[in-house]
Amino acid sequence: MLSNGKVNLSSSPLDEIELIHRGLGINNVEKFRLELRWDIQEDSTKQVDLFF
């Protein structure tokens with residue numbers, strides 16, 4: 001889910017390295033957060049924390 005299907009059980013190590021090099025897209029991270037039902041809460045210092 002985080003890699004949008006680019007890395008899976010049959011992926012090569014080079015696919016994994018490419019994903020790490022390229023980074024994760026915010027949309028994929030948001031889908032992952034919603035799937036796990038994590039809440040985002042903002043405190044008074046404007047730091048965003050994930051709670052699960």
# chains A, B, ... in the order shown; residues from 1 in each chain; ligands from 1
>>> residues_around(residues="Gly5 in chain A", least_positions_apart="5", cutoff="12 Å", atoms="only C-alpha atoms", output="list in words")
Ser10, Ser11, Asp15, Glu16, Leu19, Leu24 and Asn28 of chain A
>>> write_last_selection(atoms="N, CA and C atoms", output="JSON list (two decimals), in the first residue's frame")
[["chain", "number", "residue", "atom", "x", "y", "z"],
["A", 10, "SER", "N", 7.09, -10.37, -4.40],
["A", 10, "SER", "CA", 7.91, -10.86, -5.51],
["A", 10, "SER", "C", 8.86, -9.79, -6.07],
["A", 11, "SER", "N", 8.97, -8.65, -5.40],
["A", 11, "SER", "CA", 9.85, -7.58, -5.86],
["A", 11, "SER", "C", 11.31, -7.94, -5.63],
["A", 15, "ASP", "N", 14.13, -3.04, -6.52],
["A", 15, "ASP", "CA", 12.86, -2.31, -6.41],
["A", 15, "ASP", "C", 12.74, -1.65, -5.04],
["A", 16, "GLU", "N", 13.15, -2.37, -4.01],
["A", 16, "GLU", "CA", 13.09, -1.83, -2.65],
["A", 16, "GLU", "C", 14.05, -0.65, -2.49],
["A", 19, "LEU", "N", 12.60, 2.41, -4.15],
["A", 19, "LEU", "CA", 11.55, 3.01, -3.34],
["A", 19, "LEU", "C", 12.15, 3.84, -2.21],
["A", 24, "LEU", "N", 8.46, 7.97, -0.14],
["A", 24, "LEU", "CA", 7.04, 7.63, -0.18],
["A", 24, "LEU", "C", 6.22, 8.87, -0.49],
["A", 28, "ASN", "N", 0.08, 8.03, -0.59],
["A", 28, "ASN", "CA", 0.17, 6.64, -0.18],
["A", 28, "ASN", "C", 0.26, 6.52, 1.34]]
>>> select_by_dssp(residues="range 2-38 of chain A", states="alpha helix (DSSP H)", output="PDB file with all heavy atoms, in the first residue's frame")
ATOM      1  N   PRO A  13      15.278  -6.857  -4.708  1.00  0.00           N
ATOM      2  CA  PRO A  13      15.907  -5.888  -3.794  1.00  0.00           C
ATOM      3  C   PRO A  13      16.149  -4.528  -4.450  1.00  0.00           C
ATOM      4  O   PRO A  13      16.087  -3.502  -3.783  1.00  0.00           O
ATOM      5  CB  PRO A  13      17.229  -6.565  -3.418  1.00  0.00           C
ATOM      6  CG  PRO A  13      16.957  -8.022  -3.587  1.00  0.00           C
ATOM      7  CD  PRO A  13      16.017  -8.111  -4.763  1.00  0.00           C
ATOM      8  N   LEU A  14      16.368  -4.521  -5.763  1.00  0.00           N
ATOM      9  CA  LEU A  14      16.563  -3.243  -6.451  1.00  0.00           C
ATOM     10  C   LEU A  14      15.293  -2.395  -6.447  1.00  0.00           C
ATOM     11  O   LEU A  14      15.359  -1.173  -6.370  1.00  0.00           O
ATOM     12  CB  LEU A  14      17.047  -3.479  -7.880  1.00  0.00           C
ATOM     13  CG  LEU A  14      18.441  -4.096  -8.000  1.00  0.00           C
ATOM     14  CD1 LEU A  14      18.768  -4.359  -9.470  1.00  0.00           C
ATOM     15  CD2 LEU A  14      19.483  -3.226  -7.348  1.00  0.00           C
ATOM     16  N   ASP A  15      14.127  -3.041  -6.517  1.00  0.00           N
ATOM     17  CA  ASP A  15      12.863  -2.309  -6.413  1.00  0.00           C
ATOM     18  C   ASP A  15      12.741  -1.650  -5.042  1.00  0.00           C
ATOM     19  O   ASP A  15      12.280  -0.511  -4.922  1.00  0.00           O
ATOM     20  CB  ASP A  15      11.673  -3.242  -6.634  1.00  0.00           C
ATOM     21  CG  ASP A  15      11.591  -3.777  -8.046  1.00  0.00           C
ATOM     22  OD1 ASP A  15      12.067  -3.091  -8.968  1.00  0.00           O
ATOM     23  OD2 ASP A  15      11.044  -4.889  -8.216  1.00  0.00           O
ATOM     24  N   GLU A  16      13.154  -2.365  -4.009  1.00  0.00           N
ATOM     25  CA  GLU A  16      13.092  -1.828  -2.652  1.00  0.00           C
ATOM     26  C   GLU A  16      14.049  -0.652  -2.487  1.00  0.00           C
ATOM     27  O   GLU A  16      13.701   0.361  -1.880  1.00  0.00           O
ATOM     28  CB  GLU A  16      13.404  -2.930  -1.645  1.00  0.00           C
ATOM     29  CG  GLU A  16      12.377  -4.044  -1.669  1.00  0.00           C
ATOM     30  CD  GLU A  16      12.779  -5.243  -0.827  1.00  0.00           C
ATOM     31  OE1 GLU A  16      13.755  -5.146  -0.052  1.00  0.00           O
ATOM     32  OE2 GLU A  16      12.100  -6.277  -0.945  1.00  0.00           O
ATOM     33  N   ILE A  17      15.245  -0.784  -3.053  1.00  0.00           N
ATOM     34  CA  ILE A  17      16.228   0.304  -2.977  1.00  0.00           C
ATOM     35  C   ILE A  17      15.713   1.534  -3.712  1.00  0.00           C
ATOM     36  O   ILE A  17      15.846   2.659  -3.226  1.00  0.00           O
ATOM     37  CB  ILE A  17      17.586  -0.162  -3.540  1.00  0.00           C
ATOM     38  CG1 ILE A  17      18.191  -1.212  -2.609  1.00  0.00           C
ATOM     39  CG2 ILE A  17      18.529   1.020  -3.736  1.00  0.00           C
ATOM     40  CD1 ILE A  17      19.384  -1.934  -3.183  1.00  0.00           C
ATOM     41  N   GLU A  18      15.101   1.323  -4.870  1.00  0.00           N
ATOM     42  CA  GLU A  18      14.551   2.452  -5.624  1.00  0.00           C
ATOM     43  C   GLU A  18      13.466   3.168  -4.826  1.00  0.00           C
ATOM     44  O   GLU A  18      13.415   4.398  -4.800  1.00  0.00           O
ATOM     45  CB  GLU A  18      13.976   1.972  -6.960  1.00  0.00           C
ATOM     46  CG  GLU A  18      13.404   3.095  -7.788  1.00  0.00           C
ATOM     47  CD  GLU A  18      12.762   2.618  -9.070  1.00  0.00           C
ATOM     48  OE1 GLU A  18      13.055   1.494  -9.507  1.00  0.00           O
ATOM     49  OE2 GLU A  18      11.957   3.373  -9.620  1.00  0.00           O
ATOM     50  N   LEU A  19      12.604   2.406  -4.147  1.00  0.00           N
ATOM     51  CA  LEU A  19      11.550   3.011  -3.337  1.00  0.00           C
ATOM     52  C   LEU A  19      12.150   3.841  -2.206  1.00  0.00           C
ATOM     53  O   LEU A  19      11.704   4.963  -1.941  1.00  0.00           O
ATOM     54  CB  LEU A  19      10.626   1.935  -2.752  1.00  0.00           C
ATOM     55  CG  LEU A  19       9.569   2.456  -1.798  1.00  0.00           C
ATOM     56  CD1 LEU A  19       8.544   3.304  -2.536  1.00  0.00           C
ATOM     57  CD2 LEU A  19       8.895   1.324  -1.067  1.00  0.00           C
ATOM     58  N   ILE A  20      13.171   3.320  -1.554  1.00  0.00           N
ATOM     59  CA  ILE A  20      13.815   4.062  -0.467  1.00  0.00           C
ATOM     60  C   ILE A  20      14.462   5.334  -1.005  1.00  0.00           C
ATOM     61  O   ILE A  20      14.350   6.407  -0.408  1.00  0.00           O
ATOM     62  CB  ILE A  20      14.848   3.172   0.251  1.00  0.00           C
ATOM     63  CG1 ILE A  20      14.119   2.057   1.001  1.00  0.00           C
ATOM     64  CG2 ILE A  20      15.725   3.983   1.186  1.00  0.00           C
ATOM     65  CD1 ILE A  20      15.003   0.950   1.485  1.00  0.00           C
ATOM     66  N   HIS A  21      15.106   5.221  -2.141  1.00  0.00           N
ATOM     67  CA  HIS A  21      15.758   6.378  -2.754  1.00  0.00           C
ATOM     68  C   HIS A  21      14.743   7.449  -3.156  1.00  0.00           C
ATOM     69  O   HIS A  21      14.962   8.645  -2.945  1.00  0.00           O
ATOM     70  CB  HIS A  21      16.577   5.934  -3.967  1.00  0.00           C
ATOM     71  CG  HIS A  21      17.253   7.049  -4.676  1.00  0.00           C
ATOM     72  ND1 HIS A  21      18.320   7.724  -4.145  1.00  0.00           N
ATOM     73  CD2 HIS A  21      17.002   7.620  -5.874  1.00  0.00           C
ATOM     74  CE1 HIS A  21      18.690   8.667  -4.986  1.00  0.00           C
ATOM     75  NE2 HIS A  21      17.916   8.629  -6.046  1.00  0.00           N
ATOM     76  N   ARG A  22      13.646   7.015  -3.729  1.00  0.00           N
ATOM     77  CA  ARG A  22      12.616   7.934  -4.232  1.00  0.00           C
ATOM     78  C   ARG A  22      11.760   8.489  -3.110  1.00  0.00           C
ATOM     79  O   ARG A  22      11.269   9.604  -3.163  1.00  0.00           O
ATOM     80  CB  ARG A  22      11.748   7.191  -5.241  1.00  0.00           C
ATOM     81  CG  ARG A  22      10.799   8.035  -6.012  1.00  0.00           C
ATOM     82  CD  ARG A  22      10.097   7.204  -7.028  1.00  0.00           C
ATOM     83  NE  ARG A  22      10.083   5.802  -6.603  1.00  0.00           N
ATOM     84  CZ  ARG A  22       9.039   5.017  -6.638  1.00  0.00           C
ATOM     85  NH1 ARG A  22       7.930   5.438  -7.126  1.00  0.00           N
ATOM     86  NH2 ARG A  22       9.100   3.771  -6.226  1.00  0.00           N
ATOM     87  N   ILE A  26       3.009  11.285  -0.240  1.00  0.00           N
ATOM     88  CA  ILE A  26       2.116  11.625   0.871  1.00  0.00           C
ATOM     89  C   ILE A  26       0.742  10.982   0.697  1.00  0.00           C
ATOM     90  O   ILE A  26       0.106  10.588   1.672  1.00  0.00           O
ATOM     91  CB  ILE A  26       2.011  13.157   1.053  1.00  0.00           C
ATOM     92  CG1 ILE A  26       1.285  13.504   2.353  1.00  0.00           C
ATOM     93  CG2 ILE A  26       1.333  13.803  -0.141  1.00  0.00           C
ATOM     94  CD1 ILE A  26       2.017  13.107   3.589  1.00  0.00           C
ATOM     95  N   ASN A  27       0.286  10.834  -0.541  1.00  0.00           N
ATOM     96  CA  ASN A  27      -1.024  10.208  -0.769  1.00  0.00           C
ATOM     97  C   ASN A  27      -1.021   8.749  -0.335  1.00  0.00           C
ATOM     98  O   ASN A  27      -1.997   8.264   0.241  1.00  0.00           O
ATOM     99  CB  ASN A  27      -1.425  10.312  -2.241  1.00  0.00           C
ATOM    100  CG  ASN A  27      -1.729  11.734  -2.646  1.00  0.00           C
ATOM    101  OD1 ASN A  27      -2.071  12.567  -1.822  1.00  0.00           O
ATOM    102  ND2 ASN A  27      -1.587  12.023  -3.926  1.00  0.00           N
ATOM    103  N   ASN A  28       0.084   8.035  -0.590  1.00  0.00           N
ATOM    104  CA  ASN A  28       0.167   6.641  -0.178  1.00  0.00           C
ATOM    105  C   ASN A  28       0.263   6.517   1.340  1.00  0.00           C
ATOM    106  O   ASN A  28      -0.312   5.608   1.934  1.00  0.00           O
ATOM    107  CB  ASN A  28       1.365   5.953  -0.834  1.00  0.00           C
ATOM    108  CG  ASN A  28       1.200   5.859  -2.332  1.00  0.00           C
ATOM    109  OD1 ASN A  28       0.087   5.904  -2.854  1.00  0.00           O
ATOM    110  ND2 ASN A  28       2.296   5.747  -3.040  1.00  0.00           N
ATOM    111  N   VAL A  29       0.981   7.438   1.977  1.00  0.00           N
ATOM    112  CA  VAL A  29       1.069   7.428   3.437  1.00  0.00           C
ATOM    113  C   VAL A  29      -0.302   7.716   4.043  1.00  0.00           C
ATOM    114  O   VAL A  29      -0.704   7.099   5.021  1.00  0.00           O
ATOM    115  CB  VAL A  29       2.128   8.438   3.924  1.00  0.00           C
ATOM    116  CG1 VAL A  29       2.125   8.549   5.437  1.00  0.00           C
ATOM    117  CG2 VAL A  29       3.502   8.050   3.410  1.00  0.00           C
ATOM    118  N   GLU A  30      -1.039   8.639   3.435  1.00  0.00           N
ATOM    119  CA  GLU A  30      -2.384   8.964   3.928  1.00  0.00           C
ATOM    120  C   GLU A  30      -3.323   7.766   3.782  1.00  0.00           C
ATOM    121  O   GLU A  30      -4.105   7.471   4.684  1.00  0.00           O
ATOM    122  CB  GLU A  30      -2.932  10.177   3.172  1.00  0.00           C
ATOM    123  CG  GLU A  30      -4.328  10.587   3.572  1.00  0.00           C
ATOM    124  CD  GLU A  30      -4.447  11.123   4.983  1.00  0.00           C
ATOM    125  OE1 GLU A  30      -3.428  11.313   5.672  1.00  0.00           O
ATOM    126  OE2 GLU A  30      -5.590  11.348   5.422  1.00  0.00           O
ATOM    127  N   LYS A  31      -3.249   7.041   2.667  1.00  0.00           N
ATOM    128  CA  LYS A  31      -4.068   5.831   2.499  1.00  0.00           C
ATOM    129  C   LYS A  31      -3.742   4.810   3.578  1.00  0.00           C
ATOM    130  O   LYS A  31      -4.633   4.176   4.145  1.00  0.00           O
ATOM    131  CB  LYS A  31      -3.824   5.203   1.123  1.00  0.00           C
ATOM    132  CG  LYS A  31      -4.423   5.943  -0.026  1.00  0.00           C
ATOM    133  CD  LYS A  31      -4.088   5.206  -1.320  1.00  0.00           C
ATOM    134  CE  LYS A  31      -4.311   6.055  -2.535  1.00  0.00           C
ATOM    135  NZ  LYS A  31      -3.876   5.379  -3.765  1.00  0.00           N
ATOM    136  N   PHE A  32      -2.442   4.647   3.864  1.00  0.00           N
ATOM    137  CA  PHE A  32      -1.992   3.720   4.896  1.00  0.00           C
ATOM    138  C   PHE A  32      -2.531   4.139   6.264  1.00  0.00           C
ATOM    139  O   PHE A  32      -3.020   3.322   7.034  1.00  0.00           O
ATOM    140  CB  PHE A  32      -0.458   3.670   4.898  1.00  0.00           C
ATOM    141  CG  PHE A  32       0.125   2.679   5.850  1.00  0.00           C
ATOM    142  CD1 PHE A  32      -0.023   1.323   5.645  1.00  0.00           C
ATOM    143  CD2 PHE A  32       0.865   3.109   6.933  1.00  0.00           C
ATOM    144  CE1 PHE A  32       0.530   0.403   6.515  1.00  0.00           C
ATOM    145  CE2 PHE A  32       1.434   2.204   7.804  1.00  0.00           C
ATOM    146  CZ  PHE A  32       1.262   0.845   7.593  1.00  0.00           C
ATOM    147  N   ARG A  33      -2.445   5.440   6.570  1.00  0.00           N
ATOM    148  CA  ARG A  33      -2.951   5.954   7.847  1.00  0.00           C
ATOM    149  C   ARG A  33      -4.449   5.687   7.995  1.00  0.00           C
ATOM    150  O   ARG A  33      -4.909   5.227   9.041  1.00  0.00           O
ATOM    151  CB  ARG A  33      -2.686   7.463   7.952  1.00  0.00           C
ATOM    152  CG  ARG A  33      -3.170   8.071   9.268  1.00  0.00           C
ATOM    153  CD  ARG A  33      -3.129   9.580   9.236  1.00  0.00           C
ATOM    154  NE  ARG A  33      -4.143  10.164   8.405  1.00  0.00           N
ATOM    155  CZ  ARG A  33      -5.421  10.334   8.777  1.00  0.00           C
ATOM    156  NH1 ARG A  33      -5.840   9.934   9.940  1.00  0.00           N
ATOM    157  NH2 ARG A  33      -6.279  10.888   7.951  1.00  0.00           N
ATOM    158  N   LEU A  34      -5.199   5.927   6.943  1.00  0.00           N
ATOM    159  CA  LEU A  34      -6.642   5.696   6.994  1.00  0.00           C
ATOM    160  C   LEU A  34      -6.965   4.213   7.143  1.00  0.00           C
ATOM    161  O   LEU A  34      -7.883   3.840   7.873  1.00  0.00           O
ATOM    162  CB  LEU A  34      -7.311   6.265   5.740  1.00  0.00           C
ATOM    163  CG  LEU A  34      -7.286   7.791   5.619  1.00  0.00           C
ATOM    164  CD1 LEU A  34      -7.804   8.219   4.259  1.00  0.00           C
ATOM    165  CD2 LEU A  34      -8.053   8.441   6.748  1.00  0.00           C
ATOM    166  N   GLU A  35      -6.203   3.361   6.456  1.00  0.00           N
ATOM    167  CA  GLU A  35      -6.425   1.920   6.546  1.00  0.00           C
ATOM    168  C   GLU A  35      -6.207   1.409   7.966  1.00  0.00           C
ATOM    169  O   GLU A  35      -6.941   0.548   8.452  1.00  0.00           O
ATOM    170  CB  GLU A  35      -5.498   1.191   5.570  1.00  0.00           C
ATOM    171  CG  GLU A  35      -5.735  -0.282   5.463  1.00  0.00           C
ATOM    172  CD  GLU A  35      -7.047  -0.636   4.760  1.00  0.00           C
ATOM    173  OE1 GLU A  35      -7.549   0.170   3.964  1.00  0.00           O
ATOM    174  OE2 GLU A  35      -7.546  -1.738   5.038  1.00  0.00           O
ATOM    175  N   LEU A  36      -5.206   1.965   8.646  1.00  0.00           N
ATOM    176  CA  LEU A  36      -4.916   1.562  10.023  1.00  0.00           C
ATOM    177  C   LEU A  36      -5.766   2.313  11.047  1.00  0.00           C
ATOM    178  O   LEU A  36      -5.670   2.052  12.241  1.00  0.00           O
ATOM    179  CB  LEU A  36      -3.436   1.778  10.341  1.00  0.00           C
ATOM    180  CG  LEU A  36      -2.479   0.899   9.559  1.00  0.00           C
ATOM    181  CD1 LEU A  36      -1.047   1.215   9.943  1.00  0.00           C
ATOM    182  CD2 LEU A  36      -2.760  -0.578   9.800  1.00  0.00           C
TER     183      LEU A  36
END
